[in-house]
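Undergrad: I am sharing coords_4.tsv, which consists of TSV, C-alpha atoms:
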chain	number	residue	atom	x	y	z
A	561	MET	CA	-3.05	30.30	51.11
A	562	ILE	CA	0.41	29.36	52.33
A	563	ASP	CA	0.58	26.37	54.68
A	564	TYR	CA	1.74	27.82	57.98
A	565	SER	CA	0.56	24.85	60.05
A	566	ASN	CA	3.86	24.47	61.88
A	567	ALA	CA	4.13	28.13	62.80
A	568	MET	CA	0.49	29.11	63.18
A	569	LYS	CA	-0.21	31.27	66.21
A	570	ARG	CA	-3.55	30.99	67.93
A	571	ILE	CA	-5.34	34.03	69.31
A	572	LEU	CA	-7.74	34.53	72.23
A	573	GLY	CA	-9.85	37.67	72.07
A	574	CYS	CA	-11.73	39.41	74.86
A	575	GLY	CA	-13.92	42.47	74.41
A	576	ALA	CA	-17.41	43.59	73.56
A	577	LEU	CA	-19.63	41.38	71.41
A	578	ASN	CA	-22.08	43.87	69.94
A	579	LEU	CA	-24.82	43.83	67.40
A	580	ASP	CA	-24.05	46.91	65.30
A	581	TYR	CA	-26.90	48.95	63.85
A	582	ILE	CA	-25.29	51.11	61.15
A	583	PHE	CA	-27.24	54.12	59.87
A	584	LEU	CA	-26.22	56.39	57.01
A	585	VAL	CA	-27.56	59.94	57.52
A	586	ASP	CA	-27.36	63.21	55.63
A	587	ASP	CA	-26.27	65.26	58.66
A	588	LEU	CA	-24.51	63.78	61.68
A	589	SER	CA	-24.77	67.07	63.60
A	590	ALA	CA	-28.55	66.62	63.79
A	591	PHE	CA	-27.97	63.94	66.44
A	592	SER	CA	-25.82	65.98	68.82
A	593	LYS	CA	-28.59	65.93	71.47
A	594	PHE	CA	-27.70	62.25	71.94
A	595	GLY	CA	-24.07	63.21	72.57
A	596	LEU	CA	-23.06	62.04	69.11
A	597	TYR	CA	-20.16	63.89	67.52
A	598	ALA	CA	-17.76	62.92	64.74
A	599	GLY	CA	-15.23	60.33	65.83
A	600	ARG	CA	-16.62	59.96	69.33
A	601	GLU	CA	-18.06	57.04	71.29
A	602	VAL	CA	-20.83	57.41	73.87
A	603	VAL	CA	-21.82	54.79	76.45
A	604	GLY	CA	-25.55	55.05	77.09
A	605	ASN	CA	-28.70	53.25	78.19
A	606	ARG	CA	-31.32	51.16	76.41
A	607	GLN	CA	-34.16	53.63	76.69
A	608	THR	CA	-32.19	56.39	74.99
A	609	ALA	CA	-30.92	53.87	72.44
A	610	LYS	CA	-34.55	53.01	71.55
A	611	GLU	CA	-35.33	56.71	71.08
A	612	LEU	CA	-32.26	57.16	68.89
A	613	ILE	CA	-33.11	54.12	66.74
A	614	SER	CA	-36.71	55.33	66.33
A	615	LEU	CA	-35.46	58.67	65.04
A	616	LEU	CA	-32.88	57.04	62.80
A	617	ASN	CA	-35.49	54.71	61.30
A	618	VAL	CA	-37.21	57.87	60.04
A	619	ARG	CA	-34.16	59.99	59.16
A	620	ALA	CA	-31.60	57.47	57.87
A	621	ILE	CA	-30.81	57.07	54.18
A	622	LYS	CA	-29.65	53.49	54.63
A	623	SER	CA	-29.31	50.99	57.49
A	624	VAL	CA	-27.26	47.81	57.92
A	625	CYS	CA	-27.06	45.28	60.77
A	626	SER	CA	-23.76	43.53	61.49
A	627	GLY	CA	-21.80	41.76	64.22
A	628	GLY	CA	-19.46	44.17	65.94
A	629	GLY	CA	-17.15	44.93	68.83
A	630	SER	CA	-13.46	45.84	68.43
A	631	ALA	CA	-11.78	42.57	69.45
A	632	ALA	CA	-14.70	40.64	67.96
A	633	ASN	CA	-14.09	42.33	64.59
A	634	THR	CA	-10.37	41.54	64.72
A	635	LEU	CA	-10.91	37.88	65.65
A	636	ALA	CA	-13.72	37.42	63.10
A	637	ILE	CA	-11.35	38.71	60.41
A	638	LEU	CA	-8.43	36.52	61.50
A	639	SER	CA	-10.64	33.46	61.58
A	640	ARG	CA	-11.87	34.11	58.04
A	641	LEU	CA	-8.22	34.46	56.99
A	642	GLY	CA	-7.56	30.95	58.28
A	643	MET	CA	-6.16	31.53	61.76
A	644	SER	CA	-7.23	29.60	64.85
A	645	CYS	CA	-9.23	31.92	67.11
A	646	LEU	CA	-11.20	31.69	70.33
A	647	PHE	CA	-13.17	34.35	72.18
A	648	THR	CA	-14.40	35.06	75.67
A	649	GLY	CA	-17.15	37.56	76.41
A	650	VAL	CA	-20.85	37.85	77.02
A	651	VAL	CA	-23.94	38.19	74.81
A	652	GLY	CA	-27.62	38.11	75.60
A	653	ASP	CA	-29.84	35.06	75.65
A	654	ASP	CA	-31.92	36.64	72.91
A	655	ARG	CA	-32.30	36.93	69.13
A	656	GLU	CA	-29.53	39.54	68.98
A	657	GLY	CA	-27.20	37.16	70.82
A	658	ARG	CA	-27.80	34.47	68.21
A	659	LEU	CA	-27.06	36.93	65.41
A	660	ILE	CA	-23.85	38.05	67.12
A	661	LEU	CA	-22.59	34.50	67.57
A	662	ASP	CA	-23.54	33.64	63.98
A	663	SER	CA	-21.36	36.56	62.86
A	664	MET	CA	-18.31	35.01	64.55
A	665	LYS	CA	-17.98	32.32	61.89
A	666	GLY	CA	-15.06	29.99	62.58
A	667	VAL	CA	-14.24	31.46	66.01
A	668	ASP	CA	-14.44	29.12	69.01
A	669	CYS	CA	-17.03	30.88	71.19
A	670	SER	CA	-17.37	28.14	73.81
A	671	PHE	CA	-16.14	30.63	76.43
A	672	VAL	CA	-18.87	33.17	75.63
A	673	SER	CA	-21.63	33.30	78.25
A	674	ARG	CA	-25.26	34.13	77.42
A	675	HIS	CA	-27.46	36.06	79.83
A	676	GLY	CA	-30.18	38.71	79.58
A	677	LEU	CA	-30.09	41.25	76.74
A	678	SER	CA	-27.26	41.63	74.24
A	679	PRO	CA	-24.98	44.65	73.94
A	680	ILE	CA	-25.65	46.91	70.96
A	681	CYS	CA	-23.77	49.65	69.15
A	682	ILE	CA	-25.57	52.29	67.10
A	683	VAL	CA	-23.28	53.65	64.40
A	684	VAL	CA	-24.34	56.95	62.83
A	685	LEU	CA	-22.42	57.69	59.63
A	686	ASP	CA	-22.51	60.99	57.72
A	687	VAL	CA	-23.11	60.39	53.99
A	688	LEU	CA	-20.96	63.34	52.85
A	689	THR	CA	-18.01	63.39	55.25
A	690	ARG	CA	-18.10	59.71	56.24
A	691	ASP	CA	-17.56	60.90	59.81
A	692	ARG	CA	-19.16	58.56	62.32
A	693	ALA	CA	-20.25	58.48	65.95
A	694	LEU	CA	-21.07	55.50	68.17
A	695	TYR	CA	-23.74	55.01	70.83
A	696	VAL	CA	-22.95	51.88	72.86
A	697	VAL	CA	-25.11	49.97	75.34
A	698	GLY	CA	-23.56	47.11	77.31
A	699	PRO	CA	-25.14	43.73	78.06
A	700	GLU	CA	-28.00	43.60	80.55
A	701	ASP	CA	-26.19	41.00	82.69
A	702	PHE	CA	-22.41	40.89	82.86
A	703	ILE	CA	-21.59	37.31	83.83
A	704	MET	CA	-18.29	36.24	82.30
A	705	PRO	CA	-17.11	32.64	82.03
A	706	ASP	CA	-14.39	31.36	84.34
A	707	THR	CA	-11.05	31.95	82.61
A	708	LEU	CA	-9.44	29.32	84.83
A	709	ASN	CA	-11.09	26.80	82.50
A	710	ILE	CA	-9.28	28.23	79.46
A	711	ASP	CA	-6.27	26.11	78.53
A	712	SER	CA	-3.31	28.48	78.43
A	713	GLY	CA	-1.72	26.26	75.81
A	714	SER	CA	-4.64	26.71	73.44
A	715	PHE	CA	-3.46	30.18	72.32
A	716	ASP	CA	-0.29	32.24	71.97
A	717	ILE	CA	-1.66	35.79	71.75
A	718	LEU	CA	-4.27	37.53	73.92
A	719	HIS	CA	-5.99	40.49	72.27
A	720	LEU	CA	-7.97	42.78	74.60
A	721	THR	CA	-10.34	45.65	73.85
A	722	SER	CA	-12.77	47.57	76.05
A	723	LEU	CA	-15.84	46.30	77.89
A	724	VAL	CA	-18.35	48.99	78.85
A	725	ASN	CA	-19.52	47.33	82.06
A	726	GLU	CA	-17.55	48.37	85.16
A	727	GLN	CA	-16.80	44.73	86.03
A	728	GLY	CA	-15.21	44.25	82.60
A	729	LEU	CA	-11.98	46.04	83.46
A	730	ASP	CA	-11.50	43.94	86.61
A	731	PHE	CA	-12.17	40.78	84.61
A	732	GLN	CA	-9.52	41.69	82.05
A	733	MET	CA	-7.00	42.67	84.72
A	734	ASP	CA	-7.43	39.18	86.16
A	735	MET	CA	-6.86	37.75	82.67
A	736	VAL	CA	-3.54	39.53	82.15
A	737	GLN	CA	-2.36	38.42	85.57
A	738	GLN	CA	-3.21	34.86	84.56
A	739	PHE	CA	-1.68	34.90	81.07
A	740	ALA	CA	0.84	37.76	80.77
A	741	ARG	CA	4.07	35.86	81.39
A	742	ASN	CA	3.44	33.15	78.81
A	743	HIS	CA	1.58	35.02	76.09
A	744	VAL	CA	1.90	38.09	73.89
A	745	ILE	CA	-0.63	40.64	75.16
A	746	CYS	CA	-2.18	43.06	72.64
A	747	PHE	CA	-4.37	45.87	73.92
A	748	ASP	CA	-6.56	48.42	72.13
A	749	PRO	CA	-8.18	50.59	74.84
A	750	GLY	CA	-10.49	52.55	72.54
A	751	GLU	CA	-12.17	55.69	73.79
A	752	VAL	CA	-14.03	53.82	76.57
A	753	TYR	CA	-10.89	52.74	78.43
A	754	ALA	CA	-8.69	55.66	77.41
A	755	SER	CA	-11.17	58.08	78.99
A	756	LYS	CA	-10.65	56.30	82.34
A	757	GLY	CA	-7.12	57.73	82.47
A	758	MET	CA	-3.78	56.07	83.00
A	759	ASP	CA	-4.20	55.49	86.73
A	760	ASN	CA	-7.23	53.24	86.15
A	761	ILE	CA	-5.81	51.09	83.34
A	762	LYS	CA	-2.12	51.15	84.25
A	763	GLN	CA	-2.21	47.47	85.21
A	764	LEU	CA	-3.32	46.56	81.70
A	765	ILE	CA	-0.75	48.87	80.10
A	766	SER	CA	2.07	47.48	82.24
A	767	ASN	CA	1.29	43.96	81.00
A	768	THR	CA	0.93	44.93	77.34
A	769	ASP	CA	3.38	43.97	74.58
A	770	ILE	CA	1.58	45.69	71.67
A	771	LEU	CA	-0.62	48.75	72.23
A	772	PHE	CA	-2.93	49.94	69.43
A	773	ILE	CA	-4.04	53.55	69.96
A	774	THR	CA	-5.23	56.72	68.17
A	775	SER	CA	-4.29	60.36	68.70
A	776	HIS	CA	-7.53	61.16	70.51
A	777	GLU	CA	-7.17	58.12	72.78
A	778	LEU	CA	-3.58	59.09	73.59
A	779	GLU	CA	-4.69	62.54	74.72
A	780	LEU	CA	-7.51	61.08	76.82
A	781	LEU	CA	-5.17	58.55	78.41
A	782	THR	CA	-2.14	60.74	79.10
A	783	GLY	CA	-3.28	64.35	78.74
A	784	LYS	CA	-0.43	64.87	76.26
A	785	ASP	CA	0.09	64.68	72.50
A	786	HIS	CA	1.79	61.68	70.92
A	787	THR	CA	5.27	63.21	70.69
A	788	SER	CA	5.57	63.49	74.45
A	789	SER	CA	3.58	60.44	75.52
A	790	ILE	CA	4.50	57.47	73.32
A	791	GLY	CA	8.01	57.05	74.68
A	792	TRP	CA	6.66	57.28	78.20
A	793	LEU	CA	4.01	54.65	77.40
A	794	ILE	CA	6.64	52.27	76.03
A	795	ASP	CA	8.56	52.61	79.30
A	796	CYS	CA	5.35	51.69	81.16
A	797	MET	CA	4.74	48.56	79.09
A	798	LYS	CA	5.89	45.00	79.68
A	799	ASP	CA	9.63	44.46	79.40
A	800	GLN	CA	10.73	41.54	77.20
A	801	ASN	CA	12.65	40.03	80.11
A	802	ARG	CA	9.35	39.42	81.94
A	803	HIS	CA	8.30	36.77	79.40
A	804	ASN	CA	8.65	33.10	80.26
A	805	MET	CA	7.74	32.20	76.68
A	806	SER	CA	10.20	32.49	73.83
A	807	ILE	CA	9.55	35.66	71.86
A	808	SER	CA	12.39	35.11	69.41
A	809	GLN	CA	9.81	33.53	67.09
A	810	TYR	CA	8.44	37.01	66.39
A	811	ASN	CA	10.24	39.58	64.27
A	812	VAL	CA	8.54	42.51	66.01
A	813	SER	CA	10.39	44.11	68.92
A	814	PHE	CA	8.31	44.25	72.11
A	815	PRO	CA	7.04	46.42	73.68
A	816	ALA	CA	5.58	48.36	70.75
A	817	VAL	CA	2.98	51.07	70.23
A	818	VAL	CA	1.00	51.05	66.97
A	819	TYR	CA	-0.17	54.63	66.54
A	820	LYS	CA	-3.22	54.63	64.23
A	821	GLN	CA	-3.51	57.86	62.24
A	822	GLY	CA	-6.47	57.22	59.94
A	823	ALA	CA	-5.97	58.69	56.49
A	824	ASP	CA	-2.37	59.54	57.45
A	825	GLY	CA	-1.48	55.88	57.89
A	826	ALA	CA	0.09	54.44	61.01
A	827	THR	CA	3.41	54.44	62.85
A	828	LEU	CA	4.97	51.69	64.95
A	829	TYR	CA	7.12	52.86	67.85
A	830	SER	CA	9.48	50.66	69.85
A	831	LYS	CA	12.85	51.02	71.52
A	832	ASP	CA	14.35	50.12	68.12
A	833	GLY	CA	12.89	53.30	66.59
A	834	SER	CA	9.82	54.00	64.47
A	835	ILE	CA	8.32	52.66	61.24
A	836	LYS	CA	5.64	54.61	59.37
A	837	VAL	CA	3.39	53.26	56.64
A	838	PRO	CA	0.94	55.30	54.54
A	839	ALA	CA	-2.74	54.50	54.33
A	840	VAL	CA	-3.81	52.52	51.28
A	841	SER	CA	-6.10	54.75	49.25
A	842	VAL	CA	-9.58	53.63	48.21
A	843	ASP	CA	-11.85	55.04	45.53
A	844	GLN	CA	-14.87	55.36	47.81
A	845	VAL	CA	-15.08	55.11	51.60
A	846	GLU	CA	-18.34	53.40	52.53
A	847	ASP	CA	-17.87	52.84	56.26
A	848	ASN	CA	-14.84	53.66	58.43
A	849	THR	CA	-16.24	51.83	61.44
A	850	GLY	CA	-13.91	48.96	62.30
A	851	ALA	CA	-11.03	50.07	60.06
A	852	GLY	CA	-8.73	50.17	63.08
A	853	ASP	CA	-9.84	46.65	64.04
A	854	ALA	CA	-9.04	45.48	60.51
A	855	PHE	CA	-5.62	47.14	60.79
A	856	ALA	CA	-4.96	45.19	64.00
A	857	ALA	CA	-6.01	41.98	62.25
A	858	GLY	CA	-3.65	42.57	59.34
A	859	PHE	CA	-0.79	43.41	61.67
A	860	LEU	CA	-1.33	40.32	63.84
A	861	TYR	CA	-1.79	38.05	60.82
A	862	ALA	CA	1.55	39.06	59.34
A	863	MET	CA	3.37	39.13	62.69
A	864	SER	CA	2.07	35.65	63.52
A	865	HIS	CA	3.54	34.34	60.28
A	866	GLY	CA	7.03	35.69	60.88
A	867	ALA	CA	6.80	39.00	59.01
A	868	ASP	CA	9.03	41.88	60.04
A	869	PRO	CA	7.54	45.08	61.54
A	870	PHE	CA	7.30	46.93	58.22
A	871	ILE	CA	5.39	44.11	56.51
A	872	SER	CA	3.16	43.68	59.55
A	873	MET	CA	2.29	47.38	59.36
A	874	ARG	CA	1.78	47.19	55.59
A	875	SER	CA	-0.57	44.24	56.06
A	876	GLY	CA	-2.53	46.26	58.59
A	877	ALA	CA	-2.90	49.14	56.15
A	878	VAL	CA	-4.05	46.77	53.39
A	879	LEU	CA	-6.79	45.21	55.53
A	880	ALA	CA	-7.94	48.61	56.78
A	881	SER	CA	-8.43	49.69	53.15
A	882	TYR	CA	-10.61	46.64	52.46
A	883	SER	CA	-12.70	47.42	55.52
A	884	LEU	CA	-13.39	50.95	54.28
A	885	LYS	CA	-15.03	49.65	51.11
A	886	ALA	CA	-18.10	48.00	52.70
A	887	PHE	CA	-20.53	48.34	55.58
A	888	GLY	CA	-19.84	46.19	58.64
A	889	ARG	CA	-18.02	42.96	57.81
A	890	GLY	CA	-19.46	42.65	54.30
A	891	TRP	CA	-15.98	42.88	52.77
A	892	LEU	CA	-15.03	39.52	54.32
A	893	GLU	CA	-16.93	37.68	51.60
A	894	ASP	CA	-13.65	37.94	49.65
A	895	SER	CA	-11.56	36.63	52.57
A	896	THR	CA	-9.84	33.84	50.59
A	897	GLU	CA	-8.60	36.29	47.98
A	898	ILE	CA	-7.60	38.78	50.68
A	899	ALA	CA	-5.60	36.14	52.58
A	900	ARG	CA	-3.85	35.15	49.35
A	901	GLY	CA	-2.85	38.78	48.79
A	902	LEU	CA	-1.42	39.08	52.30
A	903	ASP	CA	0.51	35.83	51.86
A	904	GLU	CA	1.99	37.13	48.61
A	905	LEU	CA	2.99	40.37	50.33
A	906	ILE	CA	4.75	38.45	53.12
A	907	LEU	CA	6.50	36.11	50.66
A	908	GLU	CA	7.62	38.82	48.24
A	909	GLU	CA	9.07	41.01	50.97
A	910	GLY	CA	10.68	37.97	52.59
A	911	LYS	CA	12.71	37.40	49.39
A	912	ARG	CA	14.26	40.86	49.52
Taking this structure as input, can you express it in the form of structure tokens?

TA:
Amino acid sequence: MIDYSNAMKRILGCGALNLDYIFLVDDLSAFSKFGLYAGREVVGNRQTAKELISLLNVRAIKSVCSGGGSAANTLAILSRLGMSCLFTGVVGDDREGRLILDSMKGVDCSFVSRHGLSPICIVVLDVLTRDRALYVVGPEDFIMPDTLNIDSGSFDILHLTSLVNEQGLDFQMDMVQQFARNHVICFDPGEVYASKGMDNIKQLISNTDILFITSHELELLTGKDHTSSIGWLIDCMKDQNRHNMSISQYNVSFPAVVYKQGADGATLYSKDGSIKVPAVSVDQVEDNTGAGDAFAAGFLYAMSHGADPFISMRSGAVLASYSLKAFGRGWLEDSTEIARGLDELILEEGKR
């Protein structure tokens, strides 16, 4: 990998730390009584989760267990690519909690608290269509560490994703108030936060520099399609003049919306215009869970190393394609080779 030691950006992540139970089934529609539909995320309870897992243990073609959570996926990827990462969140003081923390190899998890039972995410994946649905259960006890003890100089970028517990949103709003003026704030609301509507997460949006979002999440958040809502969202986001830190070190214009479009690629919108990149095709999609998190990791990796917006988007698309090829985070076993490929992409484009 290229030596970026003088320019390396450090990232703090905050979001769910789940243990993912991934089940491959022959018919996703058979689980609609649990509220599971293609592309949707349901927040539920432990008793129903146990019933769902019992049924899946009988009906599933294949099952895999993996560390999960949107920001956790992104930070786990960036750490394996060689970036300095730290995380704040909560896991249970149980076997699942140990497995989750073990899955965060290389990430500083000293600001992760451990109480009660761990959060879980049941991923049900259709073998034919590769459509998937999520059933999420939050931690039993939501006791977050004190962010006042986090050294603001220990990171440059704060990456936020949803927490299912009601207190989670308040915790993250406090975080952006603490760090917004001196850090780049990235935010991926997911379906959990988007479904709360703009009024309830406006404080997070207004402090965001980079917003990652899908078409469905946009409609949930704004009640409008992307053509009429993205420009309005950009106007709601943090103005560059509100930064105390120097942002000239980045070649991406803030604020920016990264509109994730699945198989249709992704588009970056800012006041400078738009940049669209196609999806990178793969021979066989194994698991599309976490592909958006991998895209965010690729984007942030390239952006943190001085890449321009187009290369940052290309890097996101490349990592998303790797993620599609394996269940959970299994694809990260080739992380050294993947990082080398991203470095070559950044260098080659930088020569043009």

Undergrad: Extract, using all atoms listed in the file, all DNA, RNA and protein residues at most 10 Å from Gly595 (chain A), discarding same-chain residues fewer than 6 positions from it, and format them as a PyMOL selection string.

TA: chain A and resi 589+601-604+693-695

Undergrad: Between A:Asp847, A:Asp785, A:Asp853, A:Asp701, which has the minimum distance to Pro749 (chain A) (counting only C-alpha atoms)?

TA: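 Of all the options, A:Asp853 lies closest to Pro749 (chain A).
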
Undergrad: Please indicate the distance in Å from CA of Glu656 (chain A) to CA of Asp586 (chain A), rounded to one decimal place.

TA: 27.3 Å

Undergrad: Could you work out how far CA of Lys665 (chain A) lies from CA of Ser714 (chain A), giving the answer in Å with one decimal?

TA: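 CA of Ser714 (chain A) sits 18.5 Å away from CA of Lys665 (chain A).
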
Undergrad: Please, what distance in Å, to one decimal, runs between CA of Ala880 (chain A) and CA of Gly866 (chain A)?

TA: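 Straight-line distance from CA of Ala880 (chain A) to CA of Gly866 (chain A) works out to 20.2 Å.
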
Undergrad: With distances taken over all atoms listed in the file, which of A:Thr774, A:Asn848, A:Asn578, A:Ser875 is nearest to His786 (chain A)?

TA: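 Of the candidates, the smallest distance to His786 (chain A) is held by A:Thr774.
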
Undergrad: With 8 Å as the threshold, what does the neighbourhood of (-17.4, 57.8, 55.6) contain in terms of residues, counting only C-alpha atoms? Coordinates are those of the file; answer as a PyMOL selection string.

TA: chain A and resi 685-692+845-848

Undergrad: Give me the residues within 12 Å of Asp580 (chain A) as a ChimeraX atom specification, counting all atoms listed in the file and dropping any in the same chain fewer than 4 places off.

TA: /A:576,613,623-630,632-633,656-657,659-660,663,678-684,694-697,849-850,887-889

Undergrad: Please determine, counting only C-alpha atoms, which residue among A:Gln738, A:Thr896, A:Ser872, A:Ser864 has the shortest atom-to-atom distance to Ser644 (chain A).

TA: A:Ser864

Undergrad: From the list A:Val812, A:Ala886, A:Leu781, A:Ile717, which residue is nearest Phe870 (chain A) when using all atoms listed in the file?

TA: A:Val812

Undergrad: For each of A:His776, A:Arg874, A:Lys836, A:His675, take the minimum atom-to-atom distance to Ala857 (chain A), counting all atoms listed in the file, then give the residue where this is smallest.

TA: A:Arg874
